[in-house]
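K.L.:
Handing over my_file.txt, compact mmCIF, C-alpha atoms.
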# COMPACT_ATOMS: atom_id res chain seq x y z
CA MET Z 144 -7.65 -16.23 11.21
CA LYS Z 145 -9.97 -14.15 9.07
CA LYS Z 146 -8.60 -13.48 5.61
CA LEU Z 147 -7.78 -9.84 4.88
CA THR Z 148 -9.77 -8.19 2.12
CA ASP Z 149 -7.89 -6.37 -0.65
CA GLU Z 150 -8.84 -3.09 1.03
CA LYS Z 151 -7.47 -4.25 4.38
CA GLN Z 152 -4.25 -5.47 2.80
CA ALA Z 153 -3.84 -2.09 1.07
CA ALA Z 154 -4.47 -0.31 4.38
CA LEU Z 155 -1.83 -2.50 6.05
CA LEU Z 156 0.73 -1.68 3.36
CA GLU Z 157 -0.07 2.04 3.54
CA ALA Z 158 0.38 1.94 7.33
CA GLY Z 159 3.71 0.21 6.79
CA ILE Z 160 4.85 2.81 4.26
CA ALA Z 161 3.97 5.62 6.68
CA ALA Z 162 5.84 3.97 9.55
CA PHE Z 163 8.94 3.06 7.54
CA ALA Z 164 9.03 6.56 6.04
CA ARG Z 165 8.87 8.12 9.49
CA ALA Z 166 11.10 5.80 11.53
CA GLY Z 167 13.10 3.74 9.03
CA PHE Z 168 13.29 -0.04 8.85
CA ARG Z 169 14.79 -0.54 12.30
CA GLY Z 170 12.69 2.05 14.06
CA ALA Z 171 9.29 1.05 12.68
CA SER Z 172 7.17 -1.09 15.01
CA ILE Z 173 5.27 -3.99 13.47
CA GLY Z 174 2.82 -3.86 16.39
CA ALA Z 175 2.11 -0.18 15.80
CA ILE Z 176 1.72 -0.77 12.06
CA ALA Z 177 -0.78 -3.58 12.60
CA GLY Z 178 -2.69 -1.45 15.11
CA ALA Z 179 -2.83 1.53 12.74
CA ALA Z 180 -4.27 -0.76 10.05
CA GLY Z 181 -6.87 -2.21 12.44
CA THR Z 182 -5.43 -5.72 12.46
CA SER Z 183 -3.05 -7.84 14.56
CA VAL Z 184 0.61 -8.78 14.39
CA GLY Z 185 -0.42 -12.41 13.97
CA VAL Z 186 -2.46 -11.60 10.88
CA LEU Z 187 0.38 -9.52 9.44
CA TYR Z 188 2.81 -12.42 9.84
CA LYS Z 189 0.29 -14.78 8.27
CA TYR Z 190 0.81 -12.83 5.03
CA TYR Z 191 4.47 -11.82 5.39
CA GLU Z 192 7.24 -14.11 6.63
CA ASN Z 193 9.13 -11.42 8.55
CA LYS Z 194 9.67 -7.68 8.83
CA GLU Z 195 11.95 -7.57 5.79
CA ALA Z 196 9.38 -9.37 3.63
CA PHE Z 197 6.73 -6.91 4.78
CA PHE Z 198 9.02 -3.96 4.02
CA ASP Z 199 9.62 -5.31 0.52
CA ALA Z 200 5.86 -5.69 0.01
CA CYS Z 201 5.35 -2.07 1.08
CA LEU Z 202 7.99 -0.95 -1.40
CA ARG Z 203 6.43 -2.98 -4.25
CA HIS Z 204 3.03 -1.53 -3.40
CA SER Z 205 4.44 1.98 -3.58
CA LEU Z 206 6.24 1.37 -6.85
CA ARG Z 207 3.27 -0.14 -8.69
CA SER Z 208 1.26 3.08 -8.97
CA LEU Z 209 4.35 5.06 -9.91
CA GLU Z 210 5.39 2.54 -12.56
CA THR Z 211 1.89 2.68 -14.10
CA LEU Z 212 2.29 6.43 -14.62
CA LEU Z 213 5.79 6.05 -16.10
CA ASP Z 214 4.75 3.22 -18.43
CA GLN Z 215 1.79 5.19 -19.77
CA VAL Z 216 3.71 8.38 -20.45
CA THR Z 217 6.89 6.91 -21.93
CA ALA Z 218 4.98 4.49 -24.18
CA GLU Z 219 2.94 7.25 -25.85
CA GLU Z 220 3.80 8.56 -29.27
CA GLY Z 221 4.61 12.25 -29.45
CA LYS Z 222 7.25 14.79 -28.63
CA LEU Z 223 9.61 14.02 -25.77
CA LEU Z 224 9.03 17.39 -24.11
CA ASP Z 225 5.26 16.91 -24.20
CA SER Z 226 5.74 13.60 -22.42
CA ALA Z 227 8.14 15.28 -19.98
CA ARG Z 228 5.40 17.78 -19.12
CA GLN Z 229 3.02 14.93 -18.33
CA LEU Z 230 5.66 13.23 -16.18
CA ILE Z 231 6.37 16.40 -14.21
CA ARG Z 232 2.66 16.97 -13.57
CA GLY Z 233 2.11 13.35 -12.67
CA LEU Z 234 5.01 13.24 -10.22
CA GLN Z 235 4.00 16.53 -8.61
CA ALA Z 236 0.51 15.08 -8.08
CA PHE Z 237 2.01 11.82 -6.75
CA SER Z 238 4.03 13.78 -4.17
CA ARG Z 239 0.88 15.52 -2.95
CA THR Z 240 -1.35 12.43 -2.84
CA HIS Z 241 1.29 9.92 -1.65
CA PRO Z 242 3.74 11.95 0.47
CA ASP Z 243 4.73 9.00 2.66
CA HIS Z 244 5.67 6.99 -0.43
CA VAL Z 245 8.10 9.71 -1.51
CA ARG Z 246 9.44 10.14 2.03
CA LEU Z 247 10.11 6.41 2.16
CA TYR Z 248 12.03 6.64 -1.12
CA HIS Z 249 13.96 9.61 0.29
CA ARG Z 250 14.91 7.61 3.38
CA ILE Z 251 15.94 4.62 1.25
CA THR Z 252 18.36 6.79 -0.77
CA ALA Z 253 20.43 7.18 2.41
CA SER Z 254 20.82 3.39 2.84
CA GLN Z 255 24.32 1.92 2.94
CA GLY Z 256 25.96 -1.40 2.10
CA ALA Z 257 24.28 -4.46 0.65
CA ALA Z 258 20.81 -3.16 1.52
CA ALA Z 259 21.42 -0.04 -0.58
CA VAL Z 260 22.46 -2.11 -3.61
CA ARG Z 261 19.43 -4.39 -3.28
CA LEU Z 262 16.98 -1.52 -2.90
CA ALA Z 263 18.54 0.48 -5.73
CA GLY Z 264 18.04 -2.51 -7.99
CA ALA Z 265 14.40 -2.81 -6.97
CA ILE Z 266 13.62 0.89 -7.39
CA GLU Z 267 15.88 2.24 -10.12
CA SER Z 268 16.05 -0.57 -12.69
CA VAL Z 269 12.59 0.15 -14.09
CA THR Z 270 13.02 3.91 -14.46
CA ALA Z 271 16.54 3.52 -15.86
CA ARG Z 272 15.27 1.26 -18.64
CA LEU Z 273 12.12 3.29 -19.37
CA TYR Z 274 13.87 6.67 -19.53
CA THR Z 275 16.85 5.38 -21.51
CA ASP Z 276 14.63 3.68 -24.11
CA TRP Z 277 12.34 6.72 -24.27
CA ILE Z 278 15.22 9.15 -24.90
CA ALA Z 279 16.98 6.80 -27.33
CA ARG Z 280 13.74 6.47 -29.32
CA ALA Z 281 13.37 10.23 -29.59
CA GLN Z 282 17.04 10.47 -30.57
CA ALA Z 283 16.60 7.87 -33.34
CA GLU Z 284 13.63 9.85 -34.67
CA GLY Z 285 15.75 13.01 -34.83
CA ALA Z 286 13.50 14.76 -32.31
CA VAL Z 287 16.30 15.54 -29.83
CA ARG Z 288 20.03 16.21 -29.99
CA GLY Z 289 22.17 13.44 -31.39
CA ASP Z 290 25.39 14.17 -29.47
CA MET Z 291 24.30 12.80 -26.11
CA ASP Z 292 24.52 9.51 -24.25
CA PRO Z 293 20.85 8.55 -23.65
CA ARG Z 294 21.78 6.51 -20.58
CA LEU Z 295 23.43 9.42 -18.80
CA PHE Z 296 20.78 11.88 -19.93
CA ALA Z 297 18.18 9.47 -18.52
CA LEU Z 298 20.04 9.59 -15.19
CA PHE Z 299 20.24 13.41 -15.21
CA PHE Z 300 16.55 13.64 -16.13
CA ASP Z 301 15.58 11.26 -13.33
CA ASN Z 302 17.70 13.24 -10.85
CA LEU Z 303 15.71 16.39 -11.65
CA LEU Z 304 12.39 14.59 -11.28
CA MET Z 305 13.52 12.98 -8.02
CA MET Z 306 14.42 16.37 -6.53
CA THR Z 307 11.08 17.76 -7.70
CA GLN Z 308 9.28 14.98 -5.83
CA PHE Z 309 11.35 15.47 -2.66
CA THR Z 310 10.65 19.19 -2.72
CA GLY Z 311 6.93 18.44 -2.77
CA CYS Z 312 6.86 16.64 0.58
CA CYS Z 313 10.22 16.65 2.45
CA ASP Z 314 10.83 19.51 4.88
CA TYR Z 315 14.54 19.83 4.09
CA TYR Z 316 13.91 20.23 0.38
CA ARG Z 317 11.05 22.67 0.97
CA ALA Z 318 13.39 24.79 3.07
CA ARG Z 319 16.10 24.43 0.42
CA LEU Z 320 13.74 25.75 -2.23
CA ALA Z 321 13.09 28.86 -0.13
CA PHE Z 322 16.77 29.83 -0.40
CA TYR Z 323 16.42 29.88 -4.17
CA ARG Z 324 12.85 31.15 -4.53
CA ASP Z 325 10.86 32.79 -1.74
CA PRO Z 326 7.88 32.67 -1.76
CA PRO Z 327 7.92 29.15 -3.21
CA PRO Z 328 6.78 28.88 -6.83
CA SER Z 329 3.56 27.17 -7.84
CA ASP Z 330 3.60 23.72 -9.42
CA GLU Z 331 2.80 25.37 -12.74
CA THR Z 332 5.83 27.66 -12.49
CA VAL Z 333 8.14 24.77 -11.58
CA GLU Z 334 6.76 22.82 -14.54
CA GLU Z 335 7.35 25.64 -17.04
CA GLU Z 336 10.84 26.52 -15.81
CA LEU Z 337 11.93 22.88 -15.65
CA LEU Z 338 10.68 22.36 -19.22
CA LYS Z 339 12.76 25.34 -20.38
CA PHE Z 340 15.80 23.74 -18.76
CA LEU Z 341 15.05 20.37 -20.34
CA GLU Z 342 14.39 21.88 -23.77
CA SER Z 343 17.89 23.34 -23.84
CA ALA Z 344 19.41 20.13 -22.51
CA PHE Z 345 17.66 17.84 -24.97
CA THR Z 346 17.67 19.91 -28.14
CA LEU Z 347 20.68 22.23 -28.21
CA GLU Z 348 23.77 20.48 -29.56
CA GLN Z 349 27.22 21.70 -28.53
CA ALA Z 350 28.03 22.89 -32.05
CA ALA Z 351 25.04 25.26 -31.91
CA ILE Z 352 26.08 26.96 -28.67
CA SER Z 353 27.61 30.35 -29.40
CA HIS Z 354 29.96 30.50 -26.40
CA ARG Z 355 31.54 27.23 -27.54
CA GLU Z 356 32.85 29.04 -30.61
CA GLU Z 357 34.23 31.82 -28.40
CA GLU Z 358 36.08 29.24 -26.28
CA ARG Z 359 37.73 27.76 -29.38
CA LYS Z 360 39.08 31.10 -30.57
Transcribe the structure of this file into structure tokens.

P.N.:
Amino acid sequence: MKKLTDEKQAALLEAGIAAFARAGFRGASIGAIAGAAGTSVGVLYKYYENKEAFFDACLRHSLRSLETLLDQVTAEEGKLLDSARQLIRGLQAFSRTHPDHVRLYHRITASQGAAAVRLAGAIESVTARLYTDWIARAQAEGAVRGDMDPRLFALFFDNLLMMTQFTGCCDYYRARLAFYRDPPPSDETVEEELLKFLESAFTLEQAAISHREEERK
């Protein structure tokens, strides 16, 4: 069998991502995936032992480009909110240029049982570590509030970014947005409003919130 070039392998993985995003693991056809990539089932199985191994390769392929963005932004020196702006912009762009990747992630979040635990470990472990370390570093520098748990704030931050990505390319979340804001806001508006929300969350300690004093009286 002719060896696949790097470009052909990438095309095969992209075809797999599109099929798994649309039909799920069980519903996706390996034959249709190979055909969409301009190759054969035999060639696909030369590179991947079985359907599960191919699915895992598709997921790793999807995560690599996203992890590159996260690594670059969270490793940079500077204010946390400036980095957050870059992350929001980057993830909005990722949703537009790689919609099937985000739809696949969306489908995976509905997984159940042992598969869900395995996939969560593959997807979430990197972002959990990066965001927690990033927030803890800013906290140690005195750049953000000191009365927070950086691990939970990392989770809350990631939840917001995840919903932002889903809204960019999943029909349900687009429709959901319309109930809150119709016509839908531009990416720039979402970025600015989300940063306002994050600024309050990351910088305003409980002792500085006026209504907290009213509650104590």

K.L.:
Which of these, Z:Arg288, Z:Lys189, Z:Lys146, Z:Arg294, has the shortest distance to Z:Ala351 once you count only C-alpha atoms?

P.N.:
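Nearest to Z:Ala351: Z:Arg288.
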
K.L.:
Would you mind listing what lies within 9 Å of Z:Arg250 as a ChimeraX atom specification, with only C-alpha atoms counted and same-chain residues fewer than 6 positions away left out?

P.N.:
/Z:163-165,167

K.L.:
Residues within 6 Å of stretch 169-183 of chain Z, please, as a list in words. Count all atoms listed in the file; anything in the same chain fewer than 4 positions from it doesn't count.

P.N.:
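In the requested format, the answer is Ala154, Leu155, Ala158, Gly159, Ala162 and Phe163 of chain Z.
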
K.L.:
Find the residues near Z:Cys201: any atom within 8 Å, counting all atoms listed in the file, skip ones fewer than 6 places away on the same chain, and give them as a PyMOL selection string.

P.N.:
chain Z and resi 156-157+159-160

K.L.:
Between atom CA of Z:Glu284 and atom CA of Z:Leu303, what is the distance, to one decimal in Å?

P.N.:
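Straight-line distance from atom CA of Z:Glu284 to atom CA of Z:Leu303 works out to 24.0 Å.
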
K.L.:
Please, which residues in stretch 208-247 of chain Z fall within 10 Å of stretch 305-324 of chain Z when counting only C-alpha atoms, and what is the closest atom pair and distance in Å to one decimal for each, ordered by chain then residue number, as a tab-separated table?

P.N.:
residue	atom	partner	partner_atom	distance
Z:Ile231	CA	Z:Thr307	CA	8.1
Z:Leu234	CA	Z:Gln308	CA	6.4
Z:Gln235	CA	Z:Gln308	CA	6.2
Z:Ala236	CA	Z:Gly311	CA	9.0
Z:Phe237	CA	Z:Gln308	CA	8.0
Z:Ser238	CA	Z:Gln308	CA	5.6
Z:Arg239	CA	Z:Gly311	CA	6.7
Z:Thr240	CA	Z:Cys312	CA	9.8
Z:His241	CA	Z:Cys312	CA	9.0
Z:Pro242	CA	Z:Cys312	CA	5.6
Z:Asp243	CA	Z:Cys312	CA	8.2
Z:His244	CA	Z:Cys312	CA	9.8
Z:Val245	CA	Z:Phe309	CA	6.7
Z:Arg246	CA	Z:Cys313	CA	6.6

K.L.:
Can you write just those residues out, C-alpha atoms, as a CSV table (one decimal), in the frame of the given file?

P.N.:
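Okay, this is what ended up in out_28.csv:
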chain,number,residue,atom,x,y,z
Z,231,ILE,CA,6.4,16.4,-14.2
Z,234,LEU,CA,5.0,13.2,-10.2
Z,235,GLN,CA,4.0,16.5,-8.6
Z,236,ALA,CA,0.5,15.1,-8.1
Z,237,PHE,CA,2.0,11.8,-6.8
Z,238,SER,CA,4.0,13.8,-4.2
Z,239,ARG,CA,0.9,15.5,-3.0
Z,240,THR,CA,-1.4,12.4,-2.8
Z,241,HIS,CA,1.3,9.9,-1.6
Z,242,PRO,CA,3.7,12.0,0.5
Z,243,ASP,CA,4.7,9.0,2.7
Z,244,HIS,CA,5.7,7.0,-0.4
Z,245,VAL,CA,8.1,9.7,-1.5
Z,246,ARG,CA,9.4,10.1,2.0

K.L.:
Residues at most 7 Å from Z:Thr346, counting all atoms listed in the file, excluding those fewer than 2 positions away in the same chain, as a PDB file with C-alpha atoms, in the frame of the given file?

P.N.:
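Final file, result.pdb:
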ATOM      1  CA  VAL Z 287      16.300  15.540 -29.830  1.00  0.00           C
ATOM      2  CA  ARG Z 288      20.030  16.210 -29.990  1.00  0.00           C
ATOM      3  CA  GLU Z 342      14.390  21.880 -23.770  1.00  0.00           C
ATOM      4  CA  SER Z 343      17.890  23.340 -23.840  1.00  0.00           C
ATOM      5  CA  ALA Z 344      19.410  20.130 -22.510  1.00  0.00           C
ATOM      6  CA  GLU Z 348      23.770  20.480 -29.560  1.00  0.00           C
TER       7      GLU Z 348
END

K.L.:
Quick one, how far is atom CA of Z:Leu224 from atom CA of Z:Ala263?

P.N.:
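Spanning atom CA of Z:Leu224 to atom CA of Z:Ala263 is a straight-line distance of 26.7 Å.
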
K.L.:
Any idea what the distance is between atom CA of Z:Ala257 and atom CA of Z:Leu202?

P.N.:
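A separation of 16.8 Å between them.
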
K.L.:
Closest to Z:Thr270 among Z:Pro328, Z:Glu210, Z:Asn302, Z:Ala283, using all atoms listed in the file?

P.N.:
Z:Glu210

K.L.:
Between Z:Leu298, Z:Leu304, Z:Ala350, Z:Leu262, which one has atoms that come closest to Z:Ile278, using all atoms listed in the file?

P.N.:
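Of Z:Leu298, Z:Leu304, Z:Ala350, Z:Leu262, the one nearest Z:Ile278, counting all atoms listed in the file, is Z:Leu298.
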
K.L.:
Output as a Markdown table one row per residue of stretch 226-309 of chain Z within 12 Å of stretch 194-198 of chain Z: the closest atom pair and its distance in Å to one decimal place, counting only C-alpha atoms, sorted by chain and residue number ascending.

P.N.:
| residue | atom | partner | partner_atom | distance |
| --- | --- | --- | --- | --- |
| Z:Leu247 | CA | Z:Phe198 | CA | 10.6 |
| Z:Ile251 | CA | Z:Phe198 | CA | 11.4 |
| Z:Ala258 | CA | Z:Glu195 | CA | 10.8 |
| Z:Leu262 | CA | Z:Phe198 | CA | 10.8 |

K.L.:
Of the candidates Z:Tyr190, Z:Tyr274, Z:Phe345, Z:Phe168, which shows the shortest atom-to-atom distance to Z:Asp290, using all atoms listed in the file?

P.N.:
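The closest residue to Z:Asp290 is Z:Phe345.
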
K.L.:
List the residues sitting within 12 Å of (23.8, 4.5, -19.9) in the file's frame, using all atoms listed in the file, as a ChimeraX atom specification.

P.N.:
/Z:268,271-276,278-279,291-299

K.L.:
Can I get the selection written as a compact mmCIF listing (two decimals), in the coordinates of the input, with C-alpha atoms?

P.N.:
# COMPACT_ATOMS: atom_id res chain seq x y z
CA SER Z 268 16.05 -0.57 -12.69
CA ALA Z 271 16.54 3.52 -15.86
CA ARG Z 272 15.27 1.26 -18.64
CA LEU Z 273 12.12 3.29 -19.37
CA TYR Z 274 13.87 6.67 -19.53
CA THR Z 275 16.85 5.38 -21.51
CA ASP Z 276 14.63 3.68 -24.11
CA ILE Z 278 15.22 9.15 -24.90
CA ALA Z 279 16.98 6.80 -27.33
CA MET Z 291 24.30 12.80 -26.11
CA ASP Z 292 24.52 9.51 -24.25
CA PRO Z 293 20.85 8.55 -23.65
CA ARG Z 294 21.78 6.51 -20.58
CA LEU Z 295 23.43 9.42 -18.80
CA PHE Z 296 20.78 11.88 -19.93
CA ALA Z 297 18.18 9.47 -18.52
CA LEU Z 298 20.04 9.59 -15.19
CA PHE Z 299 20.24 13.41 -15.21

K.L.:
Since the input is missing atoms, can you rebuild N, CA, C and O atoms for stretch 222-237 of chain Z and write them as an mmCIF file, keeping the file's coordinate frame?

P.N.:
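So part_36.cif came out as:
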data_model
loop_
_atom_site.group_PDB
_atom_site.id
_atom_site.type_symbol
_atom_site.label_atom_id
_atom_site.label_comp_id
_atom_site.auth_asym_id
_atom_site.auth_seq_id
_atom_site.Cartn_x
_atom_site.Cartn_y
_atom_site.Cartn_z
ATOM 1 N N LYS Z 222 5.994 14.129 -28.929
ATOM 2 C CA LYS Z 222 7.250 14.790 -28.630
ATOM 3 C C LYS Z 222 7.710 14.491 -27.209
ATOM 4 O O LYS Z 222 6.917 14.410 -26.278
ATOM 5 N N LEU Z 223 9.036 14.356 -27.069
ATOM 6 C CA LEU Z 223 9.610 14.020 -25.770
ATOM 7 C C LEU Z 223 9.253 15.069 -24.721
ATOM 8 O O LEU Z 223 8.921 14.734 -23.588
ATOM 9 N N LEU Z 224 9.304 16.339 -25.098
ATOM 10 C CA LEU Z 224 9.030 17.390 -24.110
ATOM 11 C C LEU Z 224 7.567 17.425 -23.701
ATOM 12 O O LEU Z 224 7.247 17.799 -22.567
ATOM 13 N N ASP Z 225 6.661 17.022 -24.584
ATOM 14 C CA ASP Z 225 5.260 16.910 -24.200
ATOM 15 C C ASP Z 225 5.084 15.804 -23.163
ATOM 16 O O ASP Z 225 4.333 15.946 -22.189
ATOM 17 N N SER Z 226 5.783 14.702 -23.384
ATOM 18 C CA SER Z 226 5.740 13.600 -22.420
ATOM 19 C C SER Z 226 6.395 14.022 -21.098
ATOM 20 O O SER Z 226 5.929 13.652 -20.019
ATOM 21 N N ALA Z 227 7.477 14.795 -21.193
ATOM 22 C CA ALA Z 227 8.140 15.280 -19.980
ATOM 23 C C ALA Z 227 7.196 16.139 -19.155
ATOM 24 O O ALA Z 227 7.172 16.059 -17.921
ATOM 25 N N ARG Z 228 6.389 16.947 -19.828
ATOM 26 C CA ARG Z 228 5.400 17.780 -19.120
ATOM 27 C C ARG Z 228 4.427 16.891 -18.343
ATOM 28 O O ARG Z 228 4.109 17.166 -17.188
ATOM 29 N N GLN Z 229 3.953 15.835 -18.991
ATOM 30 C CA GLN Z 229 3.020 14.930 -18.330
ATOM 31 C C GLN Z 229 3.676 14.242 -17.129
ATOM 32 O O GLN Z 229 3.043 14.050 -16.079
ATOM 33 N N LEU Z 230 4.948 13.866 -17.286
ATOM 34 C CA LEU Z 230 5.660 13.230 -16.180
ATOM 35 C C LEU Z 230 5.814 14.186 -15.003
ATOM 36 O O LEU Z 230 5.598 13.801 -13.848
ATOM 37 N N ILE Z 231 6.203 15.419 -15.290
ATOM 38 C CA ILE Z 231 6.370 16.400 -14.210
ATOM 39 C C ILE Z 231 5.069 16.601 -13.469
ATOM 40 O O ILE Z 231 5.020 16.564 -12.232
ATOM 41 N N ARG Z 232 3.980 16.781 -14.207
ATOM 42 C CA ARG Z 232 2.660 16.970 -13.570
ATOM 43 C C ARG Z 232 2.265 15.741 -12.754
ATOM 44 O O ARG Z 232 1.767 15.862 -11.633
ATOM 45 N N GLY Z 233 2.487 14.573 -13.350
ATOM 46 C CA GLY Z 233 2.110 13.350 -12.670
ATOM 47 C C GLY Z 233 2.885 13.140 -11.381
ATOM 48 O O GLY Z 233 2.327 12.743 -10.352
ATOM 49 N N LEU Z 234 4.184 13.434 -11.406
ATOM 50 C CA LEU Z 234 5.010 13.240 -10.220
ATOM 51 C C LEU Z 234 4.742 14.297 -9.163
ATOM 52 O O LEU Z 234 4.832 14.016 -7.963
ATOM 53 N N GLN Z 235 4.406 15.506 -9.579
ATOM 54 C CA GLN Z 235 4.000 16.530 -8.610
ATOM 55 C C GLN Z 235 2.720 16.079 -7.895
ATOM 56 O O GLN Z 235 2.604 16.209 -6.668
ATOM 57 N N ALA Z 236 1.773 15.557 -8.664
ATOM 58 C CA ALA Z 236 0.510 15.080 -8.080
ATOM 59 C C ALA Z 236 0.778 13.883 -7.160
ATOM 60 O O ALA Z 236 0.179 13.771 -6.079
ATOM 61 N N PHE Z 237 1.679 12.990 -7.569
ATOM 62 C CA PHE Z 237 2.010 11.820 -6.750
ATOM 63 C C PHE Z 237 2.600 12.258 -5.412
ATOM 64 O O PHE Z 237 2.279 11.677 -4.370
#
